[in-house]
Amino acid sequence: MRSALASGIAAILLLAHAAPRAQVSPSSPADSKTVAAASDSTTLPEVVIEASHYENAVGSSDAASQGTVRGERLQDLPLLRPGEVLETIPGVVVTQHSGDGKANQYFLRGYNLDHGTDFATFIEGVPVNMPTNAHGQGYTDANYLIPEIVERINYGKGPYFAEDGDFSSAGSARIQYRNRLDRDFASLTGGTFGYRRGLFAGSTTLGQKDPGPDTAGNRMFGLGGATLLGAVEFLGQNGPWDQPEGLHKFNGLARLSDGNSGNGWSLAGMYYDASWRSTDQVPLDLIQSGQLGRFSSLDSTDGGNTGRFILSGEWHSRNGTGYTRISAYAQHYHLQLWSNFTYFESNPVQGDQFEQFETRNMVGGEAVRGWSHRLLGRDLITEVGVQVRHDAIHVGLANTQYRVPYAIVTDDKVNITSTGLYLQNTALWTNWLRSVVGLREQKVFMDMDALAVPQNTGNATGSKFLPKLSLIFGPWAKTEYFFNIGKGFHSNDARGVINKVDMTGASTVPVPALVGSLGKEVGLRTEIVPGLQSSVALWSLNSDSELVYSADSGTTEPNGASRRWGVEWNNHMTPARWLLLDADLAWTRARFANMNDNGDIGDYIPNAVSKVALLAATVREGTWSGGVVTRYIGSYPLTQDGSLRAPSAIVTNLRLQREFSRDLSMQFDVLNLFNREYFDIAYGQDFQVIPTSPLVPVGTTVHPGEPRQIRLTAKWRF
C-alpha cells in the first residue's frame, strides 16, 4: 500500500510541475475567530500586520495570549523534530522521552501536558488529540506535520472561546497548510547519526479560471481553476542512541482547493506511516556512576509503529450578511508501543515490558453560521456552531517480553461520541470597547465492551455548560487591554470512567467523564515602541483534577484538583528591515489545591515547569538568511514534596541559508550548537533495574537531550 500511494502522489507532483502555472494565488481561508469577525463588519477595528512572520498587531486578537504565526517564520528556524513547530507559540515547550515516532512531551503554563492532555491541536481542521488512547488521554502525535508547507498557526491559551472544546483548557493550536506553493521544490537532507530526509512538493492550477468576456463580448469559460498541491516526505535516522533508533517515516499529502478567504473549499488526503526503536528514560544514578552510558537503554526491544490515513474537506462562504463554514473528516489510525519503565519490579523473570495497542476509526465535522447585525445602534456578529466527533476504538494492554505477548491485561472496544453546541457574540459597543460572549454545551457518550475483564463492560455519559467572556479595551496610545474568563474541560479515559474493577479484581472508584476548569486572564498588547510588538498576560487556571499516566493500567488516571497562576511577557521586535528579534518569557506557580493530596506529602505538582524562555534572532539580507534560537527550561519538581527536582535545561540551535541562484539554495543546521548536556525530561518513579537489585521506591529517571548534530539540506526549485 505504501509503495502504491507513494507512486500516486509522485504522479501528482509530476502533474503539478508539467501543468500550466496559476496566474492568481487564492489566499487560504482564515479560521481565527478574530479575523472572521473583523471581515464581517466594516466598523470593527482594522487588522494591521506589522511583520511578515506574525499577525499579532494591536486589533488582531481577543486576548493578550492569542495570536497567529505565519508559515514564513518556520523557514528560518532550525527544528530537531516536526512537533517543535509548536514552540513558535510563546511559552510552549516540546520535548521527547522516547523514540521520535512517538508523540512528543508538551509543556505550557505549568502543565506537564504529557502527550497532549489539556492542549488541543488541529492540522487541516482535523483534531490530533486522541481520547482513550492506548498510551495516554489526549495523545497528540504531530509527527506527520510537514513544516515547509504550513501556511499559518492560529493559537490561543486558556478556556476563553466557545469554539474550543475537549483538551483546550491550557490552550489550542490550529495549523493550516498552504493552498499552493510559489514554486515546486525538492529538498534532500543528510546529517549526523544517520539522518536523511527527502521532501518533494508542488502545486498547480487545474485549468484556467473564467477569464470573462473576450473583446467581442462573448463569454469565455475555463475549466474551474482549482489548485492541486502534493507533498511526499521520506525520513530515516538512528539518533545518538547506543541502540540505533532505526526510525523510518513516510508522509504523503494531496490537497485540492479553490477560492479565497471569503468563498472557497478544499479537500485533503493525508497518509503517514512510521516505525522505530526507542530509548526510554533510564535511572540517573546508573549514568552518573558509569554503569550505563548516557545514551543507553535497559530494554533494547522497546519501540513502536504507527500510521494514519485521513480524508478531510471544508467549504466556506461569506457575503454582506454573514458567513458559513462546513467541515468534515474521517481517519483510520493504528498504534503499537512497546515500553519498559520499571524493568524488573513487577516481574523479576520476564521483565516489565508491555505492549499498548490500538486501532481507531474516527469521523467528525463542524457546521458554523455567523450573522452580521445591529442592536441598539451597535454592530454585532453572532456565531452558532455545532461540532460532532465519533471514535470507534479497539484498545488494549499486554505484558510482553522482547515484544512477544504472554498475558493480556486489558482488551476493550470503546465507542465515544462527543458533541459540542456553542453560541458566541462579538459586539463593538464603542470605538474603545468590544466584547466576546460565548456559551458552550458539551456532551459525551461512552460505551465499552471489555473483552478481557467482562465486569467492566458498560457505558457512561457526561455534560458541561461552559460560559465565556472577553472584554477588549482601547486602543489608547497604540495599546489595548484585555480581560478574559471562561470555563473549560477535558474528557477522561473511558476505561477510567466505566471500569468497575482493576486488573487485580479490586473495586475501583469511577471518575467523571468530563472534568472542568476555570481560567482567568488580564493582559495588554502594545506597539507604543516603533518596531516592537509586546504583550503581557497575568493569568490563572484551576483544574478540578490532574491527569497522570499510569503504565501499569495503560490509562491516564486523575489526581487532585490544582491551582496555577503565572505571568507571560512576549516580544517581537524588528529593529532593522533585515532583523527580527523574539523574546518570550513565562513564569508559573503550580500547586495542588489541597496539601497532602493523592496520598502523598506536599502540594507540588510533579513535572510542572515554572520558568520557560525562548530567545531568537532571525536575519535576512540579500542571498543570506538564518536564525539562532535558545530555549531555556527551568528546574521543576519530580515529587509532590519537592524533594527531587529536575535540573534546568538550555539548548541553542542555529540555521544558515544561502541562495546560490533562483533555483538552488543550501541550508546548514547545527542543533545543540554548544553541545550542552541536558535532559529532555526527568521523572520521579519507582523501578528495579535487575531482579537481584534493591527496589528504588522513588528515584530519578531521565531521557537525555540529544548532543550536537549537523544537517545539510539542498533545495531545488522548479
# chains A, B, ... in the order shown; residues from 1 in each chain; ligands from 1
>>> residues_around(residues="A:Val629", least_positions_apart="5", cutoff="12 Å", atoms="only C-alpha atoms", output="JSON, numbers by chain")
{"A": [74, 76, 77, 78, 79, 80, 84, 87, 88, 580, 581, 582, 583, 584, 613, 614, 615, 616, 617, 618, 619, 650, 651, 652, 653, 654, 655, 669, 670, 671, 672, 673]}
>>> closest_atom_pairs(of="stretch 81-194 of chain A", to="stretch 441-453 of chain A", cutoff="10 Å", atoms="only C-alpha atoms", output="tab-separated table")
residue	atom	partner	partner_atom	distance
A:Ala162	CA	A:Glu441	CA	9.1
A:Gly165	CA	A:Gln442	CA	7.7
A:Asp166	CA	A:Gln442	CA	8.8
>>> atom_distance(atom1="atom CA of A:Lys715", atom2="atom CA of A:Val92")
29.5 Å
>>> select_by_dssp(residues="stretch 64-300 of chain A", states="helix (DSSP H, G or I)", output="PDB file with N, CA, C and O atoms, in the first residue's frame")
ATOM      1  N   GLY A  71       3.578  30.848   8.312  1.00  0.00           N
ATOM      2  CA  GLY A  71       4.484  29.784   7.918  1.00  0.00           C
ATOM      3  C   GLY A  71       5.878  30.259   7.590  1.00  0.00           C
ATOM      4  O   GLY A  71       6.851  29.511   7.743  1.00  0.00           O
ATOM      5  N   GLU A  72       6.014  31.518   7.149  1.00  0.00           N
ATOM      6  CA  GLU A  72       7.341  32.059   6.845  1.00  0.00           C
ATOM      7  C   GLU A  72       8.274  31.993   8.044  1.00  0.00           C
ATOM      8  O   GLU A  72       9.493  31.890   7.893  1.00  0.00           O
ATOM      9  N   ARG A  73       7.689  32.060   9.256  1.00  0.00           N
ATOM     10  CA  ARG A  73       8.519  32.009  10.459  1.00  0.00           C
ATOM     11  C   ARG A  73       9.280  30.700  10.549  1.00  0.00           C
ATOM     12  O   ARG A  73      10.424  30.653  11.024  1.00  0.00           O
ATOM     13  N   LEU A  74       8.676  29.614  10.075  1.00  0.00           N
ATOM     14  CA  LEU A  74       9.284  28.301  10.207  1.00  0.00           C
ATOM     15  C   LEU A  74      10.461  28.109   9.266  1.00  0.00           C
ATOM     16  O   LEU A  74      11.294  27.227   9.492  1.00  0.00           O
ATOM     17  N   GLN A  75      10.536  28.910   8.204  1.00  0.00           N
ATOM     18  CA  GLN A  75      11.596  28.715   7.220  1.00  0.00           C
ATOM     19  C   GLN A  75      12.966  29.121   7.755  1.00  0.00           C
ATOM     20  O   GLN A  75      13.997  28.733   7.205  1.00  0.00           O
ATOM     21  N   ASP A  76      12.984  29.935   8.810  1.00  0.00           N
ATOM     22  CA  ASP A  76      14.257  30.412   9.351  1.00  0.00           C
ATOM     23  C   ASP A  76      14.633  29.746  10.667  1.00  0.00           C
ATOM     24  O   ASP A  76      15.640  30.113  11.276  1.00  0.00           O
ATOM     25  N   PRO A  82       9.479  17.592  14.015  1.00  0.00           N
ATOM     26  CA  PRO A  82       8.343  18.348  13.472  1.00  0.00           C
ATOM     27  C   PRO A  82       7.496  19.010  14.544  1.00  0.00           C
ATOM     28  O   PRO A  82       6.995  20.124  14.348  1.00  0.00           O
ATOM     29  N   GLY A  83       7.322  18.340  15.692  1.00  0.00           N
ATOM     30  CA  GLY A  83       6.488  18.895  16.748  1.00  0.00           C
ATOM     31  C   GLY A  83       6.986  20.213  17.289  1.00  0.00           C
ATOM     32  O   GLY A  83       6.221  20.976  17.896  1.00  0.00           O
ATOM     33  N   GLU A  84       8.274  20.522  17.090  1.00  0.00           N
ATOM     34  CA  GLU A  84       8.819  21.780  17.592  1.00  0.00           C
ATOM     35  C   GLU A  84       8.265  22.986  16.861  1.00  0.00           C
ATOM     36  O   GLU A  84       8.510  24.126  17.269  1.00  0.00           O
ATOM     37  N   VAL A  85       7.511  22.757  15.797  1.00  0.00           N
ATOM     38  CA  VAL A  85       6.754  23.843  15.175  1.00  0.00           C
ATOM     39  C   VAL A  85       5.899  24.547  16.228  1.00  0.00           C
ATOM     40  O   VAL A  85       5.737  25.777  16.202  1.00  0.00           O
ATOM     41  N   LEU A  86       5.374  23.806  17.194  1.00  0.00           N
ATOM     42  CA  LEU A  86       4.517  24.386  18.225  1.00  0.00           C
ATOM     43  C   LEU A  86       5.282  25.284  19.188  1.00  0.00           C
ATOM     44  O   LEU A  86       4.661  26.049  19.934  1.00  0.00           O
ATOM     45  N   GLU A  87       6.618  25.214  19.196  1.00  0.00           N
ATOM     46  CA  GLU A  87       7.387  26.109  20.053  1.00  0.00           C
ATOM     47  C   GLU A  87       7.385  27.545  19.540  1.00  0.00           C
ATOM     48  O   GLU A  87       7.860  28.442  20.225  1.00  0.00           O
ATOM     49  N   THR A  88       6.856  27.782  18.347  1.00  0.00           N
ATOM     50  CA  THR A  88       6.657  29.163  17.900  1.00  0.00           C
ATOM     51  C   THR A  88       5.512  29.816  18.658  1.00  0.00           C
ATOM     52  O   THR A  88       5.352  31.033  18.599  1.00  0.00           O
ATOM     53  N   PRO A 147       6.531  20.892   8.098  1.00  0.00           N
ATOM     54  CA  PRO A 147       6.678  22.319   8.402  1.00  0.00           C
ATOM     55  C   PRO A 147       6.773  23.206   7.165  1.00  0.00           C
ATOM     56  O   PRO A 147       6.298  24.353   7.189  1.00  0.00           O
ATOM     57  N   GLU A 148       7.381  22.732   6.094  1.00  0.00           N
ATOM     58  CA  GLU A 148       7.635  23.579   4.927  1.00  0.00           C
ATOM     59  C   GLU A 148       6.367  24.035   4.218  1.00  0.00           C
ATOM     60  O   GLU A 148       6.408  24.997   3.434  1.00  0.00           O
ATOM     61  N   ILE A 149       5.250  23.352   4.429  1.00  0.00           N
ATOM     62  CA  ILE A 149       4.035  23.752   3.722  1.00  0.00           C
ATOM     63  C   ILE A 149       2.979  24.326   4.667  1.00  0.00           C
ATOM     64  O   ILE A 149       1.810  24.466   4.300  1.00  0.00           O
ATOM     65  N   LEU A 284      18.936   7.792  36.575  1.00  0.00           N
ATOM     66  CA  LEU A 284      20.018   8.779  36.524  1.00  0.00           C
ATOM     67  C   LEU A 284      21.258   8.291  37.259  1.00  0.00           C
ATOM     68  O   LEU A 284      22.387   8.531  36.805  1.00  0.00           O
ATOM     69  N   ASP A 285      21.070   7.584  38.382  1.00  0.00           N
ATOM     70  CA  ASP A 285      22.255   7.175  39.149  1.00  0.00           C
ATOM     71  C   ASP A 285      23.107   6.167  38.388  1.00  0.00           C
ATOM     72  O   ASP A 285      24.324   6.090  38.591  1.00  0.00           O
ATOM     73  N   LEU A 286      22.512   5.396  37.464  1.00  0.00           N
ATOM     74  CA  LEU A 286      23.303   4.468  36.664  1.00  0.00           C
ATOM     75  C   LEU A 286      24.181   5.219  35.666  1.00  0.00           C
ATOM     76  O   LEU A 286      25.291   4.787  35.349  1.00  0.00           O
ATOM     77  N   ILE A 287      23.687   6.327  35.153  1.00  0.00           N
ATOM     78  CA  ILE A 287      24.502   7.158  34.249  1.00  0.00           C
ATOM     79  C   ILE A 287      25.616   7.838  35.028  1.00  0.00           C
ATOM     80  O   ILE A 287      26.783   7.845  34.616  1.00  0.00           O
ATOM     81  N   GLN A 288      25.271   8.400  36.189  1.00  0.00           N
ATOM     82  CA  GLN A 288      26.265   9.132  36.980  1.00  0.00           C
ATOM     83  C   GLN A 288      27.351   8.218  37.522  1.00  0.00           C
ATOM     84  O   GLN A 288      28.509   8.634  37.663  1.00  0.00           O
TER      85      GLN A 288
END
>>> closest_atom_pairs(of="stretch 597-637 of chain A", to="stretch 658-666 of chain A", cutoff="12 Å", atoms="only C-alpha atoms", output="CSV")
residue,atom,partner,partner_atom,distance
A:Val619,CA,A:Arg658,CA,11.7
A:Arg620,CA,A:Arg658,CA,10.0
A:Glu621,CA,A:Arg658,CA,10.0
A:Gly622,CA,A:Glu659,CA,8.6
A:Thr623,CA,A:Glu659,CA,4.9
A:Trp624,CA,A:Arg658,CA,4.8
A:Ser625,CA,A:Arg658,CA,6.5
A:Gly626,CA,A:Arg658,CA,8.6
>>> write_last_selection(atoms="all heavy atoms", output="short mmCIF file (atom, residue, chain, number, x, y, z; two decimals), in the first residue's frame")
data_model
loop_
_atom_site.label_atom_id
_atom_site.label_comp_id
_atom_site.auth_asym_id
_atom_site.auth_seq_id
_atom_site.Cartn_x
_atom_site.Cartn_y
_atom_site.Cartn_z
N VAL A 619 17.71 36.66 10.65
CA VAL A 619 18.35 37.63 9.76
C VAL A 619 18.03 37.27 8.32
O VAL A 619 18.09 36.09 7.94
CB VAL A 619 19.88 37.65 9.97
CG1 VAL A 619 20.55 38.57 8.96
CG2 VAL A 619 20.21 38.07 11.39
N ARG A 620 17.68 38.27 7.51
CA ARG A 620 17.51 38.10 6.07
C ARG A 620 18.17 39.29 5.38
O ARG A 620 17.74 40.43 5.56
CB ARG A 620 16.04 38.03 5.68
CG ARG A 620 15.39 36.70 5.97
CD ARG A 620 13.98 36.63 5.40
NE ARG A 620 13.40 35.29 5.53
CZ ARG A 620 13.57 34.33 4.65
NH1 ARG A 620 14.28 34.56 3.55
NH2 ARG A 620 13.03 33.13 4.82
N GLU A 621 19.21 39.02 4.61
CA GLU A 621 19.93 40.09 3.91
C GLU A 621 20.48 39.54 2.60
O GLU A 621 21.38 38.69 2.60
CB GLU A 621 21.08 40.62 4.77
CG GLU A 621 21.84 41.79 4.14
CD GLU A 621 20.98 43.03 3.94
OE1 GLU A 621 19.97 43.18 4.66
OE2 GLU A 621 21.32 43.84 3.05
N GLY A 622 19.89 40.01 1.50
CA GLY A 622 20.35 39.56 0.20
C GLY A 622 20.12 38.07 0.01
O GLY A 622 19.02 37.55 0.23
N THR A 623 21.18 37.37 -0.37
CA THR A 623 21.08 35.93 -0.60
C THR A 623 21.30 35.10 0.67
O THR A 623 21.25 33.88 0.61
CB THR A 623 22.10 35.50 -1.66
OG1 THR A 623 23.43 35.82 -1.21
CG2 THR A 623 21.82 36.20 -2.99
N TRP A 624 21.56 35.79 1.79
CA TRP A 624 21.82 35.09 3.04
C TRP A 624 20.63 35.23 3.98
O TRP A 624 19.96 36.27 4.00
CB TRP A 624 23.06 35.65 3.74
CG TRP A 624 24.35 35.27 3.09
CD1 TRP A 624 25.03 35.95 2.14
CD2 TRP A 624 25.11 34.08 3.35
NE1 TRP A 624 26.18 35.29 1.77
CE2 TRP A 624 26.26 34.12 2.51
CE3 TRP A 624 24.95 32.99 4.21
CZ2 TRP A 624 27.22 33.12 2.51
CZ3 TRP A 624 25.91 32.00 4.21
CH2 TRP A 624 27.02 32.07 3.37
N SER A 625 20.38 34.21 4.75
CA SER A 625 19.38 34.27 5.82
C SER A 625 19.75 33.24 6.87
O SER A 625 20.56 32.34 6.64
CB SER A 625 17.97 34.02 5.28
OG SER A 625 17.86 32.71 4.76
N GLY A 626 19.13 33.37 8.02
CA GLY A 626 19.41 32.40 9.08
C GLY A 626 18.73 32.78 10.37
O GLY A 626 18.09 33.83 10.50
#
>>> residues_around(residues="A:Gly171", least_positions_apart="4", cutoff="10 Å", atoms="only C-alpha atoms", output="VMD selection string")
chain A and resid 65 to 66 92 108 to 109 118 to 121 155 to 160 164 167
>>> residues_around(residues="A:Asn492", least_positions_apart="2", cutoff="9 Å", atoms="only C-alpha atoms", output="list in words")
Pro131, Thr132, Gln137, Gly138, His490, Ala494, Arg495, Gly496, Val497, Val511, Pro512, Ala513, Leu514, Val515, Leu547, Thr556, Glu557 and Pro558 of chain A
>>> residues_around(residues="A:Gly230", least_positions_apart="4", cutoff="6 Å", atoms="only C-alpha atoms", output="PyMOL selection string")
chain A and resi 13+201-202+253-254
>>> atom_distance(atom1="atom CA of A:Asn143", atom2="atom CA of A:Lys611")
26.1 Å
>>> closest_atom_pairs(of="stretch 157-258 of chain A", to="stretch 289-298 of chain A", cutoff="12 Å", atoms="only C-alpha atoms", output="JSON lines")
{"residue": "A:Asn238", "atom": "CA", "partner": "A:Phe295", "partner_atom": "CA", "distance": 11.9}
{"residue": "A:Gly239", "atom": "CA", "partner": "A:Phe295", "partner_atom": "CA", "distance": 9.5}
{"residue": "A:Pro240", "atom": "CA", "partner": "A:Phe295", "partner_atom": "CA", "distance": 6.7}
{"residue": "A:Trp241", "atom": "CA", "partner": "A:Phe295", "partner_atom": "CA", "distance": 4.8}
{"residue": "A:Asp242", "atom": "CA", "partner": "A:Ser296", "partner_atom": "CA", "distance": 5.2}
{"residue": "A:Gln243", "atom": "CA", "partner": "A:Ser296", "partner_atom": "CA", "distance": 6.9}
{"residue": "A:Pro244", "atom": "CA", "partner": "A:Ser296", "partner_atom": "CA", "distance": 10.0}
{"residue": "A:Glu245", "atom": "CA", "partner": "A:Ser297", "partner_atom": "CA", "distance": 11.0}
>>> select_by_dssp(residues="stretch 63-273 of chain A", states="strand (DSSP E)", output="number ranges by chain")
A: 67-70, 93-95, 105-108, 111-112, 119-123, 126-127, 150-157, 171-177, 185-191, 195-206, 212-213, 219-220, 226-237, 247-259, 264-273
>>> residues_around(residues="A:Gly191", least_positions_apart="5", cutoff="7 Å", atoms="only C-alpha atoms", output="ChimeraX atom specification")
/A:196,710-712
>>> residues_around(residues="stretch 354-360 of chain A", least_positions_apart="3", cutoff="7 Å", atoms="only C-alpha atoms", output="ChimeraX atom specification")
/A:134-135,332-340,391-400
>>> atom_distance(atom1="atom CA of A:Leu228", atom2="atom CA of A:Ser203")
5.3 Å
